[in-house]
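Down below is the structure, laid out as C-alpha cells.
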Amino acid sequence: MPGEATPPQGVQPLIPERLLDVPSQRLYYLSLGLLLQAIKVFDVLQNIFTSDATTYYGRKWLIVDFAYIATLSRLRIPRLKYSRAVVLLQILSIWFLDGMLFGGISLNLGLRGSSEISSVPSGIPNLPSTPEPFRLSDIFAPLTFGLFSFDTNSKDARLLGQHTVRMSPISTAHFNPHSHTFCLPPVSSAHVLVPILVNNTIPTNVRYSFTPLGSGRVEYLELGTKELKAIEQARVEGLQVVRSKDAGGYDEYDDEDDEETDTGARLQKTQSLLHLRFSKPGTIKLDRVLDSSNVAARLVHPVEVTVVPCPTAQYTDDAVQDVHCAGETSGVDLTIDIRGVPPLSLQWSKDVNGRKEYFLVEGIEDSGHSHTAQEVARARIPQKLRVPLSLSLDALGKHTYSLESVIDGMGNVVHLNDGHHEKITRSLSVLRRPSVSFKACGPGNPTLLLIGSEAPVALTVSNADPVDGPWDIDVRFEPASGDGKRMKPWDKKLQTQENKNDVVLKAGVPGEYVVTGIRGKYCDGDVLAPETCKVVEKATPTAEIEWKRIHECSGDTGVSASLVMHGTPPFQVYYRTQRDAEAPRELFKTFTSSRGELTLQPEHSGHYHYTFVQLSDAYYKKVALDGPSIDQIVHPLAAADFVGGRGRRVVSSCEGVTVGIEVDLRGTPPWNLELQVVGPRSTDALEITDIKTSPTRILVPIPSVIDKEGGTFDVELVSVVDSYGCRRSISVPGVSVNVRRVKPTVKFYSKHGQREITILEDDGADLPLRLTGDGPWKVKYRHIGNSDRLFTAVLKSPNDNIHVTQKGVYEILEVTDSQCPGSVIESESTYTVDWVPRPSARLDPATICTFEPYNRSHILPPICKGQDAHVDLELTGRPPFQIMYNIARNDEAGGTTVLDQPTFSSIQPHTRFQLHTSITGRKYYEVKQIGDSAYPLEKHKNSVIPRSDRLLFEQEVMQRPSAKFKNDNRILFCLNDALTSREAISNDGGVIQLDGTPPFQLALSIRNLAASQVHKETIEVHDKTWTLDLPSYHFTSIGPHQITIESVQDSSHCEQKELHPLRRSIWVDVAESAAITPVDKRVDFCVGDVAQFQLEGTPPWSIGYRINGKSYAQEAKKSPFSLMHQQAGEFTVTSVSQQQKLCKATVTDLQFSVHPLPAAQVGHGKRVFQDIHEGDQAEIVFTLIGEPPFTFTYQRAEPIPKKGGKPGKVLETHTVSGVTTHEYSIFSALEGTWTVTSISDRYCRYPTQPDGVAEKTRR
C-alpha cells in the first residue's frame, strides 16, 4: 500500500502480507476489539438488571480479554506489537476494568482491619476490633470471579456450595398442538410454519412424511439441529419484519403469526416450540422426534396435518355500468370467481350511503362434478367456481359491494383485503332525476323589459345530483301578440355552468318563454311549475308642464309650474335656472305622486330663464324632456333682519350715547328702514333712509333715562321700503340692549387693616377678595417676587378667594366681569403670605467637642464600652419636639453602615440626647428630621433637613478588656510535671483568648484541691492569644487542679468586663501510671469473640497489643473495655497509657490464643446439579475444615434452577455430631438442594450464637 513503511525482516507479521496487507490487518483486528467492547457494554447492562449473573459474565470477559490481547501479541502486527511488560500491563488493566464493571472490585478497598466487623454480637454496636489479617489473595480473589478460590472471612465463604438433585421427567412432542388449519397463499414465495410443542426435551432430529395433494406418492424427510435452527431464525426475522409494519397495514395471513406469538408467551418453563416449514400443499405426518441423547420423545396424537391452497374470491372482469338513474326497473348482475376446497362459504357486504350490511353464502360447490361432495372434501382438491350475484338498486346514493372473506372446506378463513381493491369491490351510483323551473317569474308575475336593454330571466335546477351536471335545458320562445311579423318563434338549448344549478336567459324582446325539457349527463329530468315566463316591455316616463307667473307690488317676483307625470313613482324632475349672464345651475326636485307644484321666487332681482331638462322614475333615469321654457325679469320684495338672527339677541353697552346694531337687507336698493326703540316708559320711532349696502350698521341712540342710570331697552324692525316704493312689514325677533353705567371693581379683603397671613410650608392659603359687577369675573394677579409671570383666576362669587402656596406678596393687576372691564382699588391690591419657621437643633455651647469643618462634624471625646454618656441639645420651634436621627458606624469597606434610625421626643427646648455605647467602634449621629407641634413628623415624613444643614457628631467607643479559655477541655499532666506548653495541652484546652488593646496584664491562680494550696502569678501578654506556660510551677501531688483567670487589664485603662463564668477556669488532672486487667480468665478465644478488660486511670486510654508478632494500638474511652478478635493466632497486651498517651505503663503477663472459625463445603464449594432417574441415588459430599471433632447441620430444600433464584422451601434438617474426619458423605434418592447451615469444631462454632447460648454450649 502506498505510503506504508515496510516492516523489518525480523518482525514479520504472522499472517503474510501477500494474503492480507498490514493496514487491513490493523483495521480488522481493531474493529474486532471495538465489537467485543460493544458486546461488553451490553453484558454490563444485562448484569445490572439480571440477578445472580455476576460470576458468569466476569469469568467470560476475563478469558475473552486475555485471549484478545494474547492473540494480538502473537499476530505481530506492526504498530500493534508491544513488549511483554506492556502486554502484561494491558492484561492487568483490562482485568481491573472488568472487575470494576462486573462487581469484582469495589472502590472502597477496606483490606486492612477496621474497628467493626459484620459478625458483631447483637446489642453491642460500634464494638472495637482487631485488624483483619492481610493477604495478597484478598486483592486478586475478586478479580478472578471464582476462577481461583481463596478462603476469606466473609459470611458466605465458610458455608460454601450446594448439591441439587433433580428427577428427569418424560419428554413429549405434540404436532400442531392447537389444531390450527394451514393454507398457502397464491404467491410464489409463500410458505407455512407448522409448530411442534415439545416438553422436557431439546430436539436435535425430526423425521416426517409428506404426501402431495391428489397424489399417492409419499416422501420421507429428516431435519437436523442446523435445519431446525435455520427455520427458527427465519421465523424470528419474519416476525420482526411484520411488527415493524404500520399499525394500519393488515394482512389476512398475519393472524397466524399473532397466534404463534401468543402461544409462545403462554409456554411453561419446560416447554418449547419448533416449526416445520412447507411451501407445497399436501399431507404431513410426524414420525419421530429425537434429543441429543437419541432418546425419542413420546408423540401425542394426532400426528397428521394437511396444507391446502388458500381459498380466493374476486369479481370477474365483466363490464358493468357504474351510474344509474332513480326509477330504473332493471337490476344489475355481478359475477364472482371463487377457488378453494369445497364446500366454500363467502361473506360479502353492501354499503349504501355509509350504512353497511353483511351477508353470508354457504355451501358453494360444483353440483355437476362427477364426485360427491364427501369425496371432494376427502380428497381435499381445490376447485374453481363462478357464482352470480343479482342486485336491486332501490335507494339513491352510492352503493358499494365488497367481498369480505372466504372459508374453504378445511376451515381456512381468508380476509379479502389484500390491496387489490378493484377485484373485491364494485361501486355503483344511483342518481336523482333533475327538475327545472323559472325563478321569480310566472303567471301573474311577469318580467319587465326596459326599452333598449335585456331582462334577466333565471331558471333553477333542483333535486339534482352534482355528478349528473352540467344539465342541458330546452327553452321555446313565442312573440307577443302583434309582434308576430317582426319576431319569429325559436327553440334554444341552455347549459348550466359547472358546479352551478342556476342559468340566466337574457330576454331582449317581449313575449312568452317556455321550458320544454331537461337532461343531465346520465339522467333525463322533469319540468316543474312555473314552466312559462312572460316578458313585458315597460314604457318611458313623460310629464305635462304648465307655467304661471307670480306678480306682486314691484312686478314679477317668480314663477310656479304645475306638473302631471306618467310612469312609476317616485319621480325626479331636473330643471335649469340662469340669471342674467351668470352660469346656469342644474337643480332637481323629487315627487312621490303623479302631480306636483314647483314654485321659484329668487331673492335677488334680474333676468331669469327657467327650463325643464330631464325626468326619472323608478325604472328609467334622466329621460330627456322637451318641456316648455320661460323667461322672466324678477323684482323680489324687500325684506330685513338683524344679523345673527334666528332668535332674540342681547347687546351690551358700557359707555357712549349710541349702540351699533347690524341689519341685513334684501330686495332692490336703496332702502328706507323704520325701527322702534322701546324703553321702560316710552317708545320712540326711528327711520333710516337711503341705505345702499347690505348688511349695514345702524347707530341707535340710548334713551336718556337709561343712559344716566343704566338699564335695558329693545330695538324692533317695523318695515322696509325698496327703490320701487313697495313697503313691506317686518316681523322678526328684536334686539335687547343692556346698558351698564357702573364698572366692576376688585380688592383684597382685610380685617383691621391687615392683609397678611402665616401658614405652614406645605399648606396653601385662600386670599379673600371683594368684587363688584356681574359675574363671572376674570382677575389677573402676580407674585411680586416673580413679577414676569401672571396668574389668571375665574371667579363666580363676589366674595371668592385666590388660592396660593408660596410665601411673599401677591398683587392684583386687573379685573373684567361678564360685560365690562373694571378697575383695581390700588390701596387694597396687595396681600402678604408668610410661613411658620421649621424647628431646628444645635449642640449646647458648653458641650466639650472638636468641630471638623471638612464634614461639619462635632467630635466627642472617646468613651469605654457600656459607660453612660449623653450630649445636650438646644431646640427651636413649638414644643413638643420629635427628633429622628441616624446611628452609623464604620464598615470594613471604608464607608459607614447605618445601624438604626430611632426617634425620641422632648417637651422642653433644652433636652438631653443619650449616646449608644453598647457596641465598640466609631459611632456617628446625624439629626435627619425634627418635628414640633406645627410640623409633626407623621404629617411631614418627606420633609427632611438638607444634608448640608444637618447636625452631625461622632464618638469612639473603646472595647473593655476580657479574657477566657478557648474551651473547657480538661488537661492531663503526670505527677511532678511542670505547667508548660507540651503534648499534654491539646485541643486548645490551655489557650486563653484576650479581647482589648495589647499589651495585657493577666493575673492567674492555680488551686491544688488535694493540698488546699493556691498559687498566684501575673503575666504580661503582648498578643490576643496565650498558651499556658508557667515553667516555674510543678505538680507535686495527684488529683484535680483548677487554673482561674483572676483579672485582666489592657492599654486603654478601661475597666474589665465581666469574665465568662464557664470559661474563666479550667481543670487539670494530675495522674499516676495507667493499668489493665482482663475480666475473663479464658485462654482460648475464637475469631469474632469479644474480650473484656478493666482499665485504671483517667480516660481516654491507649492500649498497645501484638498479634502474631505484629504490633497494634487501640483507644478506649471508658472502662471496662471490649475488643473483638478478627485474627487467629497469639494475642498479647504490651502496654497501656492514659490521656493523650501519657503516663504509659508496660504489661508483661497478659496473653491468650485466638482460634480460626471452622468452615464447611458441599460439593467442594461448587454449585452441583445432578439429574437422576427413578431408583438411582446421588452422593452428597460434605468437606469439614477446622479442628476435629466436628458437629454440623445440613438441610434439604426444594430444588433451585441452574440460573439462580430464591431458595426453595426447607423440606428437612439434620445434625451430625462426633465427626473426626474432614470429609463426610450421605446418599439420597430424593429430589432437592442440600446445603450446610452451621458447623462447630473443638474450639469454635460458625455461625456464632448469642452469648447465653454460647456459654451453654461450652458447658
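How things are named: the first chain in the C-alpha cells is A, the next is B, and so on; residues count from 1 in each chain; ligands count from 1 in the order shown.
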
| Exercise: Leu1142 in chain A partners within 12 Å, only C-alpha atoms, chain neighbours under 3 positions left out, as a ChimeraX atom specification | /A:971-975,977,982-985,1069-1074,1097-1103,1135-1139,1145

| Near-range 156-162 of chain A list (10 Å; only C-alpha atoms; drop same-chain fewer than 4 positions) as a VMD selection string | chain A and resid 149 to 152 1157 to 1169 1180 to 1185 1196 1233 to 1239 1246 to 1247

From range 939-1008 of chain A, collect each residue whose DSSP state is strand (DSSP E) and return the set as a PDB file with C-alpha atoms, in the first residue's frame.
ATOM      1  CA  LEU A 952     -23.624  65.705  62.944  1.00  0.00           C
ATOM      2  CA  PHE A 953     -21.456  64.488  65.850  1.00  0.00           C
ATOM      3  CA  GLU A 954     -19.316  61.361  66.390  1.00  0.00           C
ATOM      4  CA  GLN A 955     -17.593  59.419  69.176  1.00  0.00           C
ATOM      5  CA  GLU A 956     -15.175  56.484  69.540  1.00  0.00           C
ATOM      6  CA  VAL A 957     -16.412  53.621  71.826  1.00  0.00           C
ATOM      7  CA  MET A 958     -13.458  51.569  73.124  1.00  0.00           C
ATOM      8  CA  SER A 962     -11.663  40.457  78.746  1.00  0.00           C
ATOM      9  CA  ALA A 963     -10.054  37.028  78.924  1.00  0.00           C
ATOM     10  CA  LYS A 964     -11.351  33.440  78.735  1.00  0.00           C
ATOM     11  CA  PHE A 965     -10.146  29.934  77.994  1.00  0.00           C
ATOM     12  CA  ILE A 971      -5.794  18.806  80.688  1.00  0.00           C
ATOM     13  CA  LEU A 972      -3.800  15.781  81.819  1.00  0.00           C
ATOM     14  CA  PHE A 973      -0.403  16.022  83.474  1.00  0.00           C
ATOM     15  CA  CYS A 974       1.607  13.414  85.209  1.00  0.00           C
ATOM     16  CA  ALA A 978       5.903  21.455  85.018  1.00  0.00           C
ATOM     17  CA  LEU A 979       2.983  23.580  83.744  1.00  0.00           C
ATOM     18  CA  VAL A 991      -5.270  28.502  75.261  1.00  0.00           C
ATOM     19  CA  ILE A 992      -6.505  31.844  76.671  1.00  0.00           C
ATOM     20  CA  GLN A 993      -8.246  34.335  74.352  1.00  0.00           C
ATOM     21  CA  LEU A 994      -7.950  38.060  75.196  1.00  0.00           C
ATOM     22  CA  ASP A 995     -10.032  40.991  73.900  1.00  0.00           C
ATOM     23  CA  PHE A1000      -2.414  42.879  78.663  1.00  0.00           C
ATOM     24  CA  GLN A1001      -1.730  42.296  82.369  1.00  0.00           C
ATOM     25  CA  LEU A1002      -3.135  38.805  83.094  1.00  0.00           C
ATOM     26  CA  ALA A1003      -3.494  37.587  86.713  1.00  0.00           C
ATOM     27  CA  LEU A1004      -3.877  33.768  87.208  1.00  0.00           C
ATOM     28  CA  SER A1005      -4.365  31.487  90.224  1.00  0.00           C
ATOM     29  CA  ILE A1006      -3.611  27.716  90.472  1.00  0.00           C
ATOM     30  CA  ARG A1007      -5.531  25.878  93.212  1.00  0.00           C
ATOM     31  CA  ASN A1008      -4.487  22.386  94.385  1.00  0.00           C
TER      32      ASN A1008
END

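Scanning range 416-593 of chain A with DSSP on the backbone, the helix (DSSP H, G or I) assignments fall on A:His421, A:Glu422, A:Lys423, A:Ile424, A:Pro466, A:Val467, A:Asp468.
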
| field | Contacts of range 451-462 of chain A within 6 Å, only C-alpha atoms, excl. fewer than 4 positions in-chain, as a VMD selection string | value | chain A and resid 435 to 439 501 to 508

| request: Using only C-alpha atoms, determine which residues lie at most 6 Å from range 712-720 of chain A, disregarding the query and same-chain residues fewer than 3 positions distant; provide the list as number ranges by chain. | output: A: 672-679, 727-730, 734-739

Take the residues just selected and output them with C-alpha atoms as a PDB file, in the first residue's frame.
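part.pdb written:
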ATOM      1  CA  ASN A 672     -85.709 103.017   3.778  1.00  0.00           C
ATOM      2  CA  LEU A 673     -85.864 101.236   7.150  1.00  0.00           C
ATOM      3  CA  GLU A 674     -88.249 102.010  10.015  1.00  0.00           C
ATOM      4  CA  LEU A 675     -87.337 100.927  13.606  1.00  0.00           C
ATOM      5  CA  GLN A 676     -88.819 101.264  17.112  1.00  0.00           C
ATOM      6  CA  VAL A 677     -86.781 101.926  20.303  1.00  0.00           C
ATOM      7  CA  VAL A 678     -88.833 100.523  23.222  1.00  0.00           C
ATOM      8  CA  GLY A 679     -87.730 101.920  26.613  1.00  0.00           C
ATOM      9  CA  ARG A 727     -93.415  98.862   1.640  1.00  0.00           C
ATOM     10  CA  ARG A 728     -93.258  95.527   3.450  1.00  0.00           C
ATOM     11  CA  SER A 729     -93.913  94.981   7.143  1.00  0.00           C
ATOM     12  CA  ILE A 730     -91.309  93.024   9.089  1.00  0.00           C
ATOM     13  CA  GLY A 734     -85.805  92.149  18.097  1.00  0.00           C
ATOM     14  CA  VAL A 735     -82.551  93.046  19.871  1.00  0.00           C
ATOM     15  CA  SER A 736     -82.271  93.624  23.641  1.00  0.00           C
ATOM     16  CA  VAL A 737     -79.680  96.268  24.649  1.00  0.00           C
ATOM     17  CA  ASN A 738     -78.213  96.072  28.200  1.00  0.00           C
ATOM     18  CA  VAL A 739     -76.699  99.453  29.225  1.00  0.00           C
TER      19      VAL A 739
END
